[in-house]
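Student: Below you will find the structure I want to go over with you.
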Amino acid sequence: MATQDLVVRIGGEGGEGVISCGEILSKAVARGGLNIHAFRTFPAEIRGGLAMFQLRGSDGPARSYSQSADVLLAINHVAYDSYVNNIKDDGVLLYDPAFVNIDDRLGGRQRLELPLDAISNEVTGSSRAKNMVAMGALLSVYGVPLDYGKELISEYFGKKGDEVVKMNHGAVEAGFNFAEEHLAQLQKPFERQPGRDHILVNGNEAVALGAIAAGVNFVPGYPITPATPIFEFLCREMPKFGGKAVQFEDEIATLAAGIGASYAGKRVLTPTSGPGLSLMSETLNLAAMTECPLVIVNVMRGGPSTGLPTKTEQSDLKFAIYGTSGESPRCIMAPLDIYDCFWQTVRAVRIAEKYQMPVILLTDQALAYTSQNIPMPDLADVDLGEREAPAADADKETFLRYAITESGTSPMPIPGIHDLPYMGTGLEHTEKGAPNYTPEVHEAMTEKRFRKLKTLGARIVQQAKVEEDEPEGCEVGVIGWGSTYGAITEAIEMIERDTGIKVAHLHPRILSPLNEWRIRQFLGPLKKLIVPEENYTGQYAHFLKGKFGIKPIEIHKAHGVPFTADELYAAIKEEL
Ligand code: COA
């Protein structure tokens, strides 16, 4: 049987509970044995504006956000107004007739009434639970048992009291029954796999879990959308694992505390977003100069300034690589999906510790707020990696904290644990750590610090394997980074299905240092290279141009929402 896919977009006013409806529904559908991809977007205001939650449930892979929906559930007229054109030609409008006025834009597409407000008022005496009426109706549409929804409501609203839970149980049941009677035509014959060893997490949660698995035990933080949920998660969970998450007065103090803790032997990670990274930039140099390992998870959002704080953009890449006074080595990484958010966080901590330098992990709002069911990570696969400790017989008089070595990394003593000198200063320094800025010392120490990047680069080359779809004989290839992976992969699959033409795809996770060997090998047979990015200027394409002197075809999108597979399909097909 062909793969079944059902994309439902729910739109309503911020405060009406679109997000709660979507979150509970996603969990229920995942428990019901489908793969899900759940995306949300909402305004910067706490109440009001348009909130949207889009759930894709599939018995095949559900990798990316889709611009068009099979079903638009419009809770109010603004949602209808904003999204009517996103309903597929053979899609359906589900709408509350009390709040939506249909016009010509719906065209020949089907419409079905779902009187959310009336049902909620009839069953609960208030409009508050109309989102749970919607949730109940969608449970039926996805063919998920009502009990799953009820159990999740108890978990979700339990802290608000029994009355709230009871009211919502009534609402979900009424919505479910209404749909069983009136909306059965929307159901699809999914092949389900219930009871899998999967967890449903979003990118922020996967990063936070990765941090715990990586043995991070100090998380300094300052809240900023869309990174705050990582910090909140770790404030709640870290103490259970013997670690601490502490809020500071701003991002400068946050990173300074991170350096102090790293210096004292802790494994450190701090979540932030673009404006926070800007504030951290000078302190980041101190981490590079004192060779203190730490990880900054930068959840990118639309900028500059406060920009589009709740929308996605891949626009901090150049800043992450080059945003420094003086020359300061750091490693820049980007996970490509939710599962990868877990594993690249683990890897980022390992790289930071092993090479004693800052690592910036670039996720984005789309990853942060996209939920997917992922296989339970096997913790036996976690390689923690230790920072190099001084030799047991190291001598106090002769020990060199910043010894110039072939790899660039030197043994790092922990104050209070090793009875050795542990000088750290932002000033240029000798191998011992004493301030010294003669030309010879500055040159030698700069080379030493950058040698760590070279060593890391060589290690990446050794580890390189062809994981991506890179069929032989391709003349067109795509290089992407970060969260565009799913949309690129699906677009390439669609092209092969429709035209028989194969397109190569490379998606590096370590962006700097670049795996030059691997990229040259990939570029070798290509006549055309396409680099799609969710930013205005083509930051990664510029980086590749600078390194390889190539002229890629650049596709830019800076709309605050991710690429869809359809958009990339059209753009790549044009180049074939
Ligand atoms: N019964 C009882 N309570 C319900 C309910 C129901 N059926 N449905 C929803 N609620 C509650 C939710 O629990 C939530 O309560 P809380 O505020 O105590 O957590 C509240 O109603 C809002 O519902 P929710 O589903 O979470 O959100 P929403 O879809 O209505 O959208 C947001 C609201 C998410 C847009 C908004 O709150 C928000 O967070 N905006 C972004 C703010 C931001 O980050 N700005 C950037 C600053 S730089």
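Residues are named by chain letter and number: chains run A, B, ... in the order of the structure tokens, numbers start at 1 in each chain, and ligands are numbered from 1 in the order shown.
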Step by step, measure atom-to-atom distances between ligand 1 and each residue using only C-alpha atoms and all ligand atoms, keep those at most 6 Å, then write them as a list in words.
Tutor: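 Protein and nucleic-acid residues within 6 Å of ligand 1: Gly14, Gly15, Glu16, Gly17, Val18, Ile19, Ser20, Phe42, Pro43, Ala44, Glu45, Ile46, Arg47, Ala51, Arg128, Ala129, Asn131, Met132, Val164, Asn168, Thr225, Pro309 and Thr310 of chain A.
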Student: Sorted by chain and rising residue number, list the residues of range 193-304 of chain A at most 8 Å from range 381-387 of chain A (counting only C-alpha atoms), each with its closest atom pair and distance in Å to one decimal, as JSON lines.
Tutor:
```
{"residue": "A:Ala213", "atom": "CA", "partner": "A:Val382", "partner_atom": "CA", "distance": 7.3}
{"residue": "A:Ala214", "atom": "CA", "partner": "A:Leu384", "partner_atom": "CA", "distance": 5.8}
{"residue": "A:Gly215", "atom": "CA", "partner": "A:Leu384", "partner_atom": "CA", "distance": 7.3}
```
Student: What are the DSSP strand (DSSP E or B) residues of range 400-550 of chain A, as a PyMOL selection string?
Tutor: chain A and resi 429+435+476-479+504-506+510-512+528-533
Student: Ranking A:Leu106, A:Met289, A:Ala565, A:Ala227 by minimum distance to Lys88 in chain A and counting only C-alpha atoms, which one comes first?
Tutor: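 For Lys88 in chain A, the nearest of the given residues is A:Leu106.
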Student: So, counting only C-alpha atoms, which residue among A:Cys474, A:Ile119, A:Ala38, A:Ile332 is closest to Pro513 in chain A?
Tutor: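 Checking each of A:Cys474, A:Ile119, A:Ala38, A:Ile332 against Pro513 in chain A, counting only C-alpha atoms, the winner is A:Ile332.
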Student: Residues within 6 Å of Arg301 in chain A, please, as a PDB file with N, CA and C atoms, in the first residue's frame. Count only C-alpha atoms; anything in the same chain fewer than 5 positions from it doesn't count.
Tutor:
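Dumped everything to around_10.pdb:
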```pdb
ATOM      1  N   PRO A 309      11.448  37.389  16.712  1.00  0.00           N
ATOM      2  CA  PRO A 309      11.942  36.491  17.761  1.00  0.00           C
ATOM      3  C   PRO A 309      11.300  35.113  17.790  1.00  0.00           C
ATOM      4  N   LYS A 311      10.287  33.493  14.971  1.00  0.00           N
ATOM      5  CA  LYS A 311      10.314  32.900  13.620  1.00  0.00           C
ATOM      6  C   LYS A 311      11.723  32.383  13.306  1.00  0.00           C
ATOM      7  N   THR A 312      11.805  31.537  12.295  1.00  0.00           N
ATOM      8  CA  THR A 312      13.077  30.869  12.027  1.00  0.00           C
ATOM      9  C   THR A 312      13.918  31.596  10.978  1.00  0.00           C
ATOM     10  N   GLU A 313      15.239  31.433  11.042  1.00  0.00           N
ATOM     11  CA  GLU A 313      16.160  31.967  10.040  1.00  0.00           C
ATOM     12  C   GLU A 313      17.526  31.316  10.284  1.00  0.00           C
ATOM     13  N   GLN A 365      14.847  28.156  15.155  1.00  0.00           N
ATOM     14  CA  GLN A 365      13.490  28.122  15.721  1.00  0.00           C
ATOM     15  C   GLN A 365      12.684  26.958  15.153  1.00  0.00           C
TER      16      GLN A 365
END
```
Student: Determine the nearest neighbour of Ala504 in chain A from the options A:Thr564, A:Thr489, A:Gln539, A:Thr290, counting only C-alpha atoms.
Tutor: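 So, comparing all the options, the nearest one is A:Thr489.
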Student: Suppose you want the space between CA of Ile404 in chain A and CA of Lys448 in chain A; what is it in Å?
Tutor: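 So the answer is 6.1 Å.
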Student: At a cut-off of 12 Å, using only C-alpha atoms, what residues contact Gln372 in chain A? Leave out same-chain residues fewer than 3 positions from it and give the result as a PyMOL selection string.
Tutor: chain A and resi 23+26-27+29-31+34-39+55-58+61-65+198-206+337-341+366-369+375-376+486
Student: Can you write just those residues out, N, CA and C atoms, as a compact mmCIF listing (two decimals), in the first residue's frame?
Tutor:
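Dumped everything to result_19.txt:
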```txt
# COMPACT_ATOMS: atom_id res chain seq x y z
N GLU A 23 -0.18 20.16 20.51
CA GLU A 23 0.78 19.34 21.28
C GLU A 23 0.15 18.03 21.73
N SER A 26 -0.49 15.75 18.71
CA SER A 26 0.74 15.13 18.18
C SER A 26 1.12 13.91 19.00
N LYS A 27 1.06 14.07 20.33
CA LYS A 27 1.45 12.93 21.18
C LYS A 27 0.52 11.76 20.95
N VAL A 29 -1.28 11.06 18.31
CA VAL A 29 -1.10 10.45 16.97
C VAL A 29 0.19 9.62 16.95
N ALA A 30 1.24 10.11 17.60
CA ALA A 30 2.49 9.34 17.66
C ALA A 30 2.27 8.05 18.45
N ARG A 31 1.56 8.14 19.59
CA ARG A 31 1.27 6.92 20.35
C ARG A 31 0.43 5.96 19.53
N LEU A 34 1.87 6.44 14.26
CA LEU A 34 2.27 7.12 13.03
C LEU A 34 3.56 7.91 13.27
N ASN A 35 4.27 8.19 12.18
CA ASN A 35 5.40 9.13 12.28
C ASN A 35 4.83 10.52 12.19
N ILE A 36 5.37 11.42 13.00
CA ILE A 36 4.81 12.76 12.93
C ILE A 36 5.91 13.81 12.73
N HIS A 37 5.50 14.90 12.10
CA HIS A 37 6.33 16.09 12.00
C HIS A 37 5.39 17.21 12.39
N ALA A 38 5.66 17.87 13.50
CA ALA A 38 4.73 18.89 13.99
C ALA A 38 5.45 20.22 14.10
N PHE A 39 4.94 21.20 13.41
CA PHE A 39 5.57 22.53 13.37
C PHE A 39 4.60 23.56 13.92
N LEU A 55 0.32 19.68 11.86
CA LEU A 55 0.70 18.30 12.15
C LEU A 55 0.67 17.49 10.87
N ARG A 56 1.79 16.82 10.62
CA ARG A 56 1.84 15.88 9.52
C ARG A 56 1.95 14.50 10.13
N GLY A 57 0.98 13.68 9.90
CA GLY A 57 1.01 12.30 10.41
C GLY A 57 1.15 11.39 9.21
N SER A 58 2.06 10.41 9.29
CA SER A 58 2.34 9.61 8.11
C SER A 58 2.75 8.20 8.52
N PRO A 61 8.08 8.15 6.11
CA PRO A 61 8.87 9.16 6.82
C PRO A 61 8.16 10.52 6.78
N ALA A 62 8.19 11.26 7.88
CA ALA A 62 7.59 12.61 7.91
C ALA A 62 8.72 13.57 8.25
N ARG A 63 9.41 14.06 7.20
CA ARG A 63 10.67 14.77 7.45
C ARG A 63 10.55 16.28 7.46
N SER A 64 9.52 16.82 6.74
CA SER A 64 9.59 18.28 6.59
C SER A 64 8.22 18.93 6.71
N TYR A 65 8.30 20.22 6.80
CA TYR A 65 7.12 21.08 6.90
C TYR A 65 6.53 21.23 5.51
N HIS A 198 9.85 4.61 20.75
CA HIS A 198 10.11 5.97 20.25
C HIS A 198 9.79 6.99 21.33
N ILE A 199 10.44 8.14 21.24
CA ILE A 199 10.03 9.25 22.10
C ILE A 199 9.64 10.42 21.20
N LEU A 200 8.74 11.25 21.68
CA LEU A 200 8.31 12.41 20.91
C LEU A 200 8.94 13.65 21.54
N VAL A 201 9.84 14.27 20.82
CA VAL A 201 10.52 15.45 21.38
C VAL A 201 10.66 16.51 20.31
N ASN A 202 10.85 17.75 20.75
CA ASN A 202 11.19 18.80 19.79
C ASN A 202 12.70 19.04 19.85
N GLY A 203 13.19 19.91 18.98
CA GLY A 203 14.64 20.13 18.88
C GLY A 203 15.23 20.65 20.18
N ASN A 204 14.52 21.54 20.85
CA ASN A 204 15.03 22.05 22.13
C ASN A 204 15.15 20.94 23.16
N GLU A 205 14.14 20.08 23.21
CA GLU A 205 14.19 18.98 24.19
C GLU A 205 15.30 18.00 23.83
N ALA A 206 15.48 17.75 22.53
CA ALA A 206 16.53 16.82 22.12
C ALA A 206 17.92 17.38 22.49
N ASP A 337 18.36 17.35 12.02
CA ASP A 337 16.95 17.08 12.36
C ASP A 337 16.86 16.86 13.87
N ILE A 338 15.70 16.43 14.32
CA ILE A 338 15.48 16.36 15.77
C ILE A 338 16.39 15.29 16.41
N TYR A 339 16.47 14.12 15.79
CA TYR A 339 17.32 13.05 16.32
C TYR A 339 18.77 13.55 16.38
N ASP A 340 19.15 14.25 15.33
CA ASP A 340 20.51 14.76 15.24
C ASP A 340 20.78 15.85 16.29
N CYS A 341 19.74 16.57 16.71
CA CYS A 341 19.94 17.57 17.78
C CYS A 341 20.50 16.88 19.02
N ALA A 366 12.91 26.67 13.87
CA ALA A 366 12.11 25.60 13.26
C ALA A 366 12.43 24.26 13.92
N LEU A 367 13.72 23.98 14.14
CA LEU A 367 14.09 22.74 14.83
C LEU A 367 13.60 22.79 16.28
N ALA A 368 13.78 23.96 16.89
CA ALA A 368 13.45 24.10 18.31
C ALA A 368 12.00 23.74 18.58
N TYR A 369 11.11 24.16 17.68
CA TYR A 369 9.68 23.98 17.91
C TYR A 369 9.05 22.93 17.00
N PRO A 375 13.66 7.39 17.43
CA PRO A 375 14.00 6.19 18.19
C PRO A 375 14.68 6.61 19.50
N MET A 376 14.45 5.86 20.54
CA MET A 376 15.11 6.15 21.83
C MET A 376 16.62 6.04 21.63
N GLY A 486 15.54 17.92 5.88
CA GLY A 486 14.33 17.16 5.55
C GLY A 486 13.72 17.64 4.24
```
Student: Counting only C-alpha atoms, which residue out of A:Lys396, A:Lys240, A:His556, A:Lys266 sits closest to Asn217 in chain A?
Tutor: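 Nearest to Asn217 in chain A: A:Lys266.
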Student: Which of range 200-303 of chain A end up as alpha helix (DSSP H) when DSSP is run on this backbone - answer as a count of residues only?
Tutor: 51
Student: Mind checking which residues fall within 10 Å of range 89-93 of chain A, counting only C-alpha atoms, ignoring those fewer than 4 positions away in the same chain, and posting them as an MDAnalysis selection string?
Tutor: chainID A and resid 7:9 68:74 80 83:85 102 106:114 186
Student: So that I can check the surroundings of Ala171 in chain A, please list as number ranges by chain every protein, DNA and RNA residue that reaches within 9 Å of it, counting only C-alpha atoms and ignoring chain neighbours fewer than 5 positions away.
Tutor: A: 119-120, 123-124, 129-136, 166, 176
Student: Those selected residues, please, written with all heavy atoms and delivered as a tab-separated table (two decimals), in the first residue's frame.
Tutor:
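What ended up in again-v6.tsv:
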```tsv
chain	number	residue	atom	x	y	z
A	119	ILE	N	-20.33	23.60	20.42
A	119	ILE	CA	-20.20	22.31	21.14
A	119	ILE	C	-19.57	22.54	22.51
A	119	ILE	O	-20.02	22.03	23.54
A	119	ILE	CB	-19.36	21.30	20.32
A	119	ILE	CG1	-20.07	20.96	19.01
A	119	ILE	CG2	-19.10	20.03	21.13
A	119	ILE	CD1	-19.28	20.03	18.07
A	120	SER	N	-18.51	23.37	22.53
A	120	SER	CA	-17.82	23.61	23.81
A	120	SER	C	-18.79	24.23	24.83
A	120	SER	O	-18.85	23.81	25.98
A	120	SER	CB	-16.62	24.54	23.58
A	120	SER	OG	-16.00	24.84	24.80
A	123	VAL	N	-21.41	21.63	26.02
A	123	VAL	CA	-20.92	20.56	26.89
A	123	VAL	C	-20.29	21.08	28.18
A	123	VAL	O	-20.43	20.47	29.25
A	123	VAL	CB	-19.88	19.70	26.13
A	123	VAL	CG1	-19.33	18.57	26.99
A	123	VAL	CG2	-20.49	19.13	24.87
A	124	THR	N	-19.61	22.22	28.10
A	124	THR	CA	-18.85	22.69	29.28
A	124	THR	C	-19.35	24.03	29.82
A	124	THR	O	-18.88	24.48	30.86
A	124	THR	CB	-17.36	22.86	28.94
A	124	THR	OG1	-17.21	24.01	28.09
A	124	THR	CG2	-16.78	21.65	28.23
A	129	ALA	N	-12.90	25.48	26.19
A	129	ALA	CA	-12.47	24.13	25.80
A	129	ALA	C	-12.69	23.84	24.32
A	129	ALA	O	-12.61	22.68	23.89
A	129	ALA	CB	-13.21	23.10	26.66
A	130	LYS	N	-12.91	24.91	23.52
A	130	LYS	CA	-13.20	24.59	22.11
A	130	LYS	C	-11.97	23.99	21.41
A	130	LYS	O	-12.10	23.22	20.46
A	130	LYS	CB	-13.75	25.79	21.35
A	130	LYS	CG	-12.86	26.97	21.19
A	130	LYS	CD	-13.64	28.02	20.40
A	130	LYS	CE	-12.92	29.34	20.37
A	130	LYS	NZ	-13.69	30.34	19.64
A	131	ASN	N	-10.79	24.31	21.94
A	131	ASN	CA	-9.60	23.69	21.32
A	131	ASN	C	-9.57	22.18	21.57
A	131	ASN	O	-9.04	21.42	20.78
A	131	ASN	CB	-8.31	24.37	21.81
A	131	ASN	CG	-8.12	24.26	23.31
A	131	ASN	OD1	-9.07	24.09	24.05
A	131	ASN	ND2	-6.88	24.37	23.76
A	132	MET	N	-10.18	21.76	22.69
A	132	MET	CA	-10.20	20.31	22.95
A	132	MET	C	-11.33	19.63	22.16
A	132	MET	O	-11.25	18.44	21.86
A	132	MET	CB	-10.35	20.05	24.45
A	132	MET	CG	-9.11	20.43	25.23
A	132	MET	SD	-7.62	19.54	24.69
A	132	MET	CE	-6.61	20.87	24.11
A	133	VAL	N	-12.36	20.40	21.82
A	133	VAL	CA	-13.37	19.86	20.89
A	133	VAL	C	-12.66	19.59	19.55
A	133	VAL	O	-12.79	18.52	18.94
A	133	VAL	CB	-14.53	20.86	20.69
A	133	VAL	CG1	-15.51	20.30	19.65
A	133	VAL	CG2	-15.24	21.15	22.01
A	134	ALA	N	-11.84	20.58	19.14
A	134	ALA	CA	-11.08	20.43	17.89
A	134	ALA	C	-10.15	19.22	17.98
A	134	ALA	O	-10.05	18.41	17.05
A	134	ALA	CB	-10.26	21.69	17.62
A	135	MET	N	-9.50	19.08	19.12
A	135	MET	CA	-8.55	17.98	19.30
A	135	MET	C	-9.27	16.64	19.18
A	135	MET	O	-8.80	15.71	18.51
A	135	MET	CB	-7.89	18.13	20.68
A	135	MET	CG	-6.49	17.61	20.79
A	135	MET	SD	-6.49	15.90	21.21
A	135	MET	CE	-7.02	15.97	22.90
A	136	GLY	N	-10.45	16.55	19.82
A	136	GLY	CA	-11.23	15.31	19.75
A	136	GLY	C	-11.60	14.97	18.32
A	136	GLY	O	-11.48	13.82	17.88
A	166	LYS	N	-11.76	17.68	33.92
A	166	LYS	CA	-13.11	17.15	33.65
A	166	LYS	C	-13.76	17.89	32.47
A	166	LYS	O	-14.33	17.29	31.56
A	166	LYS	CB	-13.95	17.32	34.92
A	166	LYS	CG	-15.12	16.40	34.98
A	166	LYS	CD	-15.74	16.43	36.37
A	166	LYS	CE	-17.25	16.32	36.20
A	166	LYS	NZ	-17.99	16.92	37.29
A	176	PHE	N	-14.86	14.31	19.41
A	176	PHE	CA	-14.59	12.99	18.81
A	176	PHE	C	-15.88	12.41	18.23
A	176	PHE	O	-15.93	11.97	17.07
A	176	PHE	CB	-14.02	12.07	19.89
A	176	PHE	CG	-13.56	10.74	19.38
A	176	PHE	CD1	-12.27	10.57	18.89
A	176	PHE	CD2	-14.41	9.64	19.40
A	176	PHE	CE1	-11.84	9.33	18.42
A	176	PHE	CE2	-13.99	8.40	18.92
A	176	PHE	CZ	-12.68	8.25	18.44
```
Student: Name the residues in contact with range 496-499 of chain A at a cut-off of 12 Å, using only C-alpha atoms, excluding same-chain residues fewer than 3 positions from it; report them as an MDAnalysis selection string.
Tutor: chainID A and resid 469 471 474 489:493 502:504 569:570 572:573 576
